[in-house]
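Remarks on the structure that follows.
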Amino acid sequence: MADVRAPRISLAGSGALLIDGAQGPFDEATQELVWSVANAARTLEGVRETVPGMNNLLVLFDPFATDAPSVGEQLKSLWAGTDAHAVAGTLHTIPVSYGGAHGEDLAGWAAHCGLSQEEIVSRHAAATYTVAAIGAMPGFPYLSGLDPRLAWPRRSSPRLKVAEGAVIIGGAQAGIMPMTAPSGWHIIGHTDAKLFDVQSQSPVLLRPGDRIRFEVAGIEK
């Protein structure tokens with residue numbers, strides 16, 4: 001059982017509760033507990049859906065079938081009594097072209113970290129990342145596992161248009177854009193991997209618990 005303190009539970013509208021298990025920086029053990037509680041909570045009477053986030057969990061319920069205090073007490077019990085375990089996800093290899101017109105922040109990222117562009121790319125591609133959560137937009141993966149040396153605070157002014165396939169860094173997290181949309185994350189490269197396809201039988205490529213290795217397809221300065 002995970003050794004984590006009791007979470008903060010708060011209302012998120014008339015039919016949802018947010019369980020916040022964060023106790024500081026992102027913690028892998030807490031995330032595994034989030035996944036386990038998400039699965040267990042789906043069996044509770046009146047619960048419609050569970051949405052894992054980064055060390056937090058949104059639980060949506062039918063307010064005509066149950067109420068927030070009842071669901072909250074049950075969630076506290078689940079958090080305290082559920083065994084955390086990693087999800088047996090799929091390992092994906094994602095080729096990335098770093099830098100150039102589709103990775104415009106690569107040089108700035110390297111300068112921020114005090115590394116050469118070759119070294120920073122090598123470190124980025126050496127890690128194995130875990131899909132901690134899917135959110136923000138359909139198919140967008142919040143990836144844990146970034147080398148702490150490579151962390152870079154998000155932009156103070158978000159770009160209004162970041163292209164689908166952009167490989168990005170935001171704080172201590174890595175990500176990939178599943179569609180063209182605004183973002184305050186830094187663009188370090190591009191992949192042709194398709195993360196979201198509304199026409200597909202399985203529209204979303206990645207799921208919580210999946211792992212990712214980035215493969216260097218090239219570096220353009």
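Residues in the structure tokens are named by chain (A, B, ... in the order shown) and by number from 1 within that chain; ligands are numbered from 1 in the order shown.
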Stretch 44-81 of chain A residues near stretch 120-131 of chain A within 12 Å, closest pair each, using only C-alpha atoms, as CSV:
```
residue,atom,partner,partner_atom,distance
A:Pro52,CA,A:Val131,CA,10.8
A:Gly53,CA,A:Val131,CA,10.3
A:Met54,CA,A:Val131,CA,9.8
```
Pull N, CA, C and O atoms from the residues just selected and write them as a PDB file, in the first residue's frame.
```
ATOM      1  N   PRO A  52      -8.071  10.512 -14.216  1.00  0.00           N
ATOM      2  CA  PRO A  52      -6.792  10.729 -13.540  1.00  0.00           C
ATOM      3  C   PRO A  52      -6.078  11.957 -14.084  1.00  0.00           C
ATOM      4  O   PRO A  52      -6.048  12.203 -15.296  1.00  0.00           O
ATOM      5  N   GLY A  53      -5.487  12.743 -13.173  1.00  0.00           N
ATOM      6  CA  GLY A  53      -4.609  13.845 -13.534  1.00  0.00           C
ATOM      7  C   GLY A  53      -3.234  13.591 -12.946  1.00  0.00           C
ATOM      8  O   GLY A  53      -2.912  12.477 -12.530  1.00  0.00           O
ATOM      9  N   MET A  54      -2.397  14.610 -12.896  1.00  0.00           N
ATOM     10  CA  MET A  54      -1.053  14.487 -12.324  1.00  0.00           C
ATOM     11  C   MET A  54      -1.151  14.553 -10.807  1.00  0.00           C
ATOM     12  O   MET A  54      -1.319  15.616 -10.222  1.00  0.00           O
TER      13      MET A  54
END
```
Quick one: residues within 12 Å of A:Thr82, only C-alpha atoms counted, chain neighbours fewer than 3 positions away excluded, as a VMD selection string?
chain A and resid 1 to 4 30 32 to 41 74 to 79 85
Go ahead and save the picked residues with N, CA, C and O atoms, as a PDB file, in the first residue's frame.
```pdb
ATOM      1  N   MET A   1       0.843  -1.179   0.000  1.00  0.00           N
ATOM      2  CA  MET A   1       0.000   0.000   0.000  1.00  0.00           C
ATOM      3  C   MET A   1       0.885   1.238   0.000  1.00  0.00           C
ATOM      4  O   MET A   1       1.887   1.291   0.695  1.00  0.00           O
ATOM      5  N   ALA A   2       0.543   2.228  -0.783  1.00  0.00           N
ATOM      6  CA  ALA A   2       1.391   3.409  -0.916  1.00  0.00           C
ATOM      7  C   ALA A   2       1.438   4.191   0.390  1.00  0.00           C
ATOM      8  O   ALA A   2       0.450   4.349   1.077  1.00  0.00           O
ATOM      9  N   ASP A   3       2.635   4.676   0.741  1.00  0.00           N
ATOM     10  CA  ASP A   3       2.803   5.473   1.952  1.00  0.00           C
ATOM     11  C   ASP A   3       2.622   6.946   1.597  1.00  0.00           C
ATOM     12  O   ASP A   3       3.581   7.696   1.452  1.00  0.00           O
ATOM     13  N   VAL A   4       1.380   7.366   1.437  1.00  0.00           N
ATOM     14  CA  VAL A   4       1.071   8.748   1.089  1.00  0.00           C
ATOM     15  C   VAL A   4       0.026   9.265   2.067  1.00  0.00           C
ATOM     16  O   VAL A   4      -0.800   8.519   2.574  1.00  0.00           O
ATOM     17  N   THR A  30       2.413   8.125  -5.792  1.00  0.00           N
ATOM     18  CA  THR A  30       1.096   8.748  -5.686  1.00  0.00           C
ATOM     19  C   THR A  30       0.319   8.574  -6.979  1.00  0.00           C
ATOM     20  O   THR A  30      -0.894   8.317  -6.961  1.00  0.00           O
ATOM     21  N   GLU A  32       0.550   6.110  -9.112  1.00  0.00           N
ATOM     22  CA  GLU A  32       0.064   4.731  -9.183  1.00  0.00           C
ATOM     23  C   GLU A  32      -1.170   4.545  -8.307  1.00  0.00           C
ATOM     24  O   GLU A  32      -2.102   3.811  -8.679  1.00  0.00           O
ATOM     25  N   LEU A  33      -1.197   5.227  -7.159  1.00  0.00           N
ATOM     26  CA  LEU A  33      -2.377   5.162  -6.303  1.00  0.00           C
ATOM     27  C   LEU A  33      -3.563   5.853  -6.973  1.00  0.00           C
ATOM     28  O   LEU A  33      -4.701   5.365  -6.884  1.00  0.00           O
ATOM     29  N   VAL A  34      -3.315   6.951  -7.661  1.00  0.00           N
ATOM     30  CA  VAL A  34      -4.378   7.637  -8.411  1.00  0.00           C
ATOM     31  C   VAL A  34      -5.004   6.678  -9.412  1.00  0.00           C
ATOM     32  O   VAL A  34      -6.233   6.572  -9.523  1.00  0.00           O
ATOM     33  N   TRP A  35      -4.175   5.956 -10.169  1.00  0.00           N
ATOM     34  CA  TRP A  35      -4.714   5.004 -11.152  1.00  0.00           C
ATOM     35  C   TRP A  35      -5.545   3.923 -10.469  1.00  0.00           C
ATOM     36  O   TRP A  35      -6.632   3.571 -10.954  1.00  0.00           O
ATOM     37  N   SER A  36      -5.050   3.387  -9.361  1.00  0.00           N
ATOM     38  CA  SER A  36      -5.756   2.310  -8.667  1.00  0.00           C
ATOM     39  C   SER A  36      -7.086   2.791  -8.097  1.00  0.00           C
ATOM     40  O   SER A  36      -8.113   2.112  -8.210  1.00  0.00           O
ATOM     41  N   VAL A  37      -7.081   3.971  -7.469  1.00  0.00           N
ATOM     42  CA  VAL A  37      -8.323   4.514  -6.911  1.00  0.00           C
ATOM     43  C   VAL A  37      -9.303   4.854  -8.024  1.00  0.00           C
ATOM     44  O   VAL A  37     -10.522   4.666  -7.876  1.00  0.00           O
ATOM     45  N   ALA A  38      -8.796   5.333  -9.155  1.00  0.00           N
ATOM     46  CA  ALA A  38      -9.674   5.634 -10.298  1.00  0.00           C
ATOM     47  C   ALA A  38     -10.427   4.379 -10.734  1.00  0.00           C
ATOM     48  O   ALA A  38     -11.648   4.423 -10.984  1.00  0.00           O
ATOM     49  N   ASN A  39      -9.729   3.258 -10.808  1.00  0.00           N
ATOM     50  CA  ASN A  39     -10.388   2.011 -11.208  1.00  0.00           C
ATOM     51  C   ASN A  39     -11.402   1.564 -10.160  1.00  0.00           C
ATOM     52  O   ASN A  39     -12.520   1.151 -10.495  1.00  0.00           O
ATOM     53  N   ALA A  40     -11.030   1.644  -8.890  1.00  0.00           N
ATOM     54  CA  ALA A  40     -11.928   1.196  -7.826  1.00  0.00           C
ATOM     55  C   ALA A  40     -13.153   2.097  -7.706  1.00  0.00           C
ATOM     56  O   ALA A  40     -14.269   1.619  -7.450  1.00  0.00           O
ATOM     57  N   ALA A  41     -12.973   3.388  -7.900  1.00  0.00           N
ATOM     58  CA  ALA A  41     -14.076   4.342  -7.721  1.00  0.00           C
ATOM     59  C   ALA A  41     -15.159   4.192  -8.776  1.00  0.00           C
ATOM     60  O   ALA A  41     -16.313   4.573  -8.543  1.00  0.00           O
ATOM     61  N   GLN A  74     -16.347   7.672   0.829  1.00  0.00           N
ATOM     62  CA  GLN A  74     -15.938   6.429   0.177  1.00  0.00           C
ATOM     63  C   GLN A  74     -14.583   6.594  -0.512  1.00  0.00           C
ATOM     64  O   GLN A  74     -13.748   5.672  -0.507  1.00  0.00           O
ATOM     65  N   LEU A  75     -14.349   7.763  -1.082  1.00  0.00           N
ATOM     66  CA  LEU A  75     -13.064   8.011  -1.733  1.00  0.00           C
ATOM     67  C   LEU A  75     -11.920   8.057  -0.715  1.00  0.00           C
ATOM     68  O   LEU A  75     -10.820   7.564  -0.982  1.00  0.00           O
ATOM     69  N   LYS A  76     -12.177   8.636   0.450  1.00  0.00           N
ATOM     70  CA  LYS A  76     -11.168   8.626   1.504  1.00  0.00           C
ATOM     71  C   LYS A  76     -10.804   7.200   1.894  1.00  0.00           C
ATOM     72  O   LYS A  76      -9.626   6.871   2.093  1.00  0.00           O
ATOM     73  N   SER A  77     -11.820   6.345   2.004  1.00  0.00           N
ATOM     74  CA  SER A  77     -11.568   4.942   2.359  1.00  0.00           C
ATOM     75  C   SER A  77     -10.773   4.239   1.277  1.00  0.00           C
ATOM     76  O   SER A  77      -9.850   3.459   1.565  1.00  0.00           O
ATOM     77  N   LEU A  78     -11.127   4.501   0.020  1.00  0.00           N
ATOM     78  CA  LEU A  78     -10.394   3.881  -1.083  1.00  0.00           C
ATOM     79  C   LEU A  78      -8.943   4.338  -1.094  1.00  0.00           C
ATOM     80  O   LEU A  78      -8.024   3.538  -1.307  1.00  0.00           O
ATOM     81  N   TRP A  79      -8.735   5.629  -0.872  1.00  0.00           N
ATOM     82  CA  TRP A  79      -7.369   6.162  -0.893  1.00  0.00           C
ATOM     83  C   TRP A  79      -6.519   5.508   0.197  1.00  0.00           C
ATOM     84  O   TRP A  79      -5.345   5.182  -0.019  1.00  0.00           O
ATOM     85  N   HIS A  85      -0.593   0.197  -7.700  1.00  0.00           N
ATOM     86  CA  HIS A  85       0.201  -0.644  -8.594  1.00  0.00           C
ATOM     87  C   HIS A  85       0.333   0.042  -9.949  1.00  0.00           C
ATOM     88  O   HIS A  85      -0.540   0.783 -10.372  1.00  0.00           O
TER      89      HIS A  85
END
```
Residues near A:Gln173, cut-off 12 Å, only C-alpha atoms, skip fewer than 3 positions along chain, as a compact mmCIF listing (two decimals) with N, CA and C atoms, in the first residue's frame:
```txt
# COMPACT_ATOMS: atom_id res chain seq x y z
N PRO A 25 6.50 17.99 -5.19
CA PRO A 25 6.78 17.59 -6.57
C PRO A 25 6.02 16.32 -6.96
N PHE A 26 5.87 16.12 -8.26
CA PHE A 26 5.21 14.92 -8.77
C PHE A 26 5.86 13.67 -8.20
N MET A 54 -2.40 14.61 -12.90
CA MET A 54 -1.05 14.49 -12.32
C MET A 54 -1.15 14.55 -10.81
N HIS A 124 17.38 13.87 -23.38
CA HIS A 124 15.93 13.77 -23.58
C HIS A 124 15.55 12.40 -24.12
N TYR A 129 9.75 7.51 -20.47
CA TYR A 129 8.69 8.34 -19.90
C TYR A 129 7.44 7.50 -19.64
N THR A 130 6.67 7.95 -18.68
CA THR A 130 5.41 7.29 -18.37
C THR A 130 4.27 8.26 -18.63
N VAL A 131 3.21 7.77 -19.28
CA VAL A 131 2.01 8.59 -19.47
C VAL A 131 1.28 8.62 -18.13
N ALA A 132 1.46 9.72 -17.41
CA ALA A 132 0.82 9.84 -16.09
C ALA A 132 -0.66 10.11 -16.23
N ALA A 133 -1.02 10.90 -17.25
CA ALA A 133 -2.43 11.27 -17.43
C ALA A 133 -2.63 11.74 -18.86
N PRO A 141 -0.68 13.68 -23.82
CA PRO A 141 -0.08 12.94 -22.70
C PRO A 141 0.76 13.85 -21.80
N TYR A 142 0.48 13.81 -20.50
CA TYR A 142 1.37 14.41 -19.52
C TYR A 142 2.40 13.34 -19.17
N LEU A 143 3.66 13.58 -19.52
CA LEU A 143 4.69 12.56 -19.38
C LEU A 143 5.59 12.85 -18.19
N SER A 144 5.71 11.89 -17.29
CA SER A 144 6.69 11.96 -16.21
C SER A 144 7.95 11.25 -16.66
N GLY A 145 9.05 11.53 -15.97
CA GLY A 145 10.31 10.87 -16.29
C GLY A 145 11.35 11.77 -16.91
N LEU A 146 11.03 13.07 -17.09
CA LEU A 146 12.01 14.00 -17.66
C LEU A 146 13.20 14.15 -16.71
N ASP A 147 14.40 14.07 -17.25
CA ASP A 147 15.61 14.34 -16.48
C ASP A 147 15.47 15.71 -15.82
N PRO A 148 15.58 15.80 -14.48
CA PRO A 148 15.41 17.09 -13.80
C PRO A 148 16.31 18.20 -14.33
N ARG A 149 17.46 17.81 -14.88
CA ARG A 149 18.40 18.80 -15.45
C ARG A 149 17.77 19.50 -16.66
N LEU A 150 16.77 18.88 -17.27
CA LEU A 150 16.18 19.41 -18.50
C LEU A 150 14.91 20.21 -18.26
N ALA A 151 14.50 20.37 -17.02
CA ALA A 151 13.27 21.11 -16.72
C ALA A 151 13.41 22.57 -17.16
N TRP A 152 12.29 23.13 -17.65
CA TRP A 152 12.28 24.51 -18.15
C TRP A 152 10.89 25.09 -17.91
N PRO A 153 10.77 26.13 -17.07
CA PRO A 153 9.43 26.70 -16.79
C PRO A 153 8.70 27.07 -18.07
N ARG A 154 7.40 26.94 -18.03
CA ARG A 154 6.58 27.26 -19.21
C ARG A 154 6.73 28.73 -19.61
N VAL A 167 6.86 18.17 -30.21
CA VAL A 167 7.38 17.55 -28.99
C VAL A 167 7.78 18.70 -28.09
N ILE A 168 7.27 18.70 -26.85
CA ILE A 168 7.32 19.91 -26.04
C ILE A 168 7.78 19.63 -24.60
N ILE A 169 8.23 20.72 -23.94
CA ILE A 169 8.67 20.68 -22.55
C ILE A 169 7.90 21.76 -21.79
N GLY A 170 7.35 21.41 -20.64
CA GLY A 170 6.66 22.39 -19.80
C GLY A 170 6.99 22.14 -18.35
N ILE A 176 3.55 15.78 -26.02
CA ILE A 176 3.45 15.77 -27.47
C ILE A 176 2.08 16.34 -27.84
N TRP A 185 3.93 25.62 -23.61
CA TRP A 185 5.10 24.75 -23.48
C TRP A 185 6.11 25.09 -24.58
N HIS A 186 7.36 24.69 -24.37
CA HIS A 186 8.43 24.99 -25.32
C HIS A 186 8.52 23.88 -26.38
```
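Atom pair atom CA of A:Glu164 / atom CA of A:Gly103: separated by 12.2 Å.
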With only C-alpha atoms as the atoms that count, which of A:Ser116, A:Val96, A:Gly184, A:Leu195 lies nearest to A:Ser156?
A:Gly184
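Restricting the calculation to only C-alpha atoms, the smallest distance between A:Pro158 and any of A:Ile187, A:Val198, A:Glu73, A:Gly139 is found for A:Ile187.
A straight line drawn from atom CA of A:His190 to atom CA of A:Thr90 is 21.3 Å long.
In terms of minimum interatomic distance to A:Arg42, A:Leu60 ranks closest within A:Leu60, A:Pro138, A:Ala29, A:Arg213, counting only C-alpha atoms.
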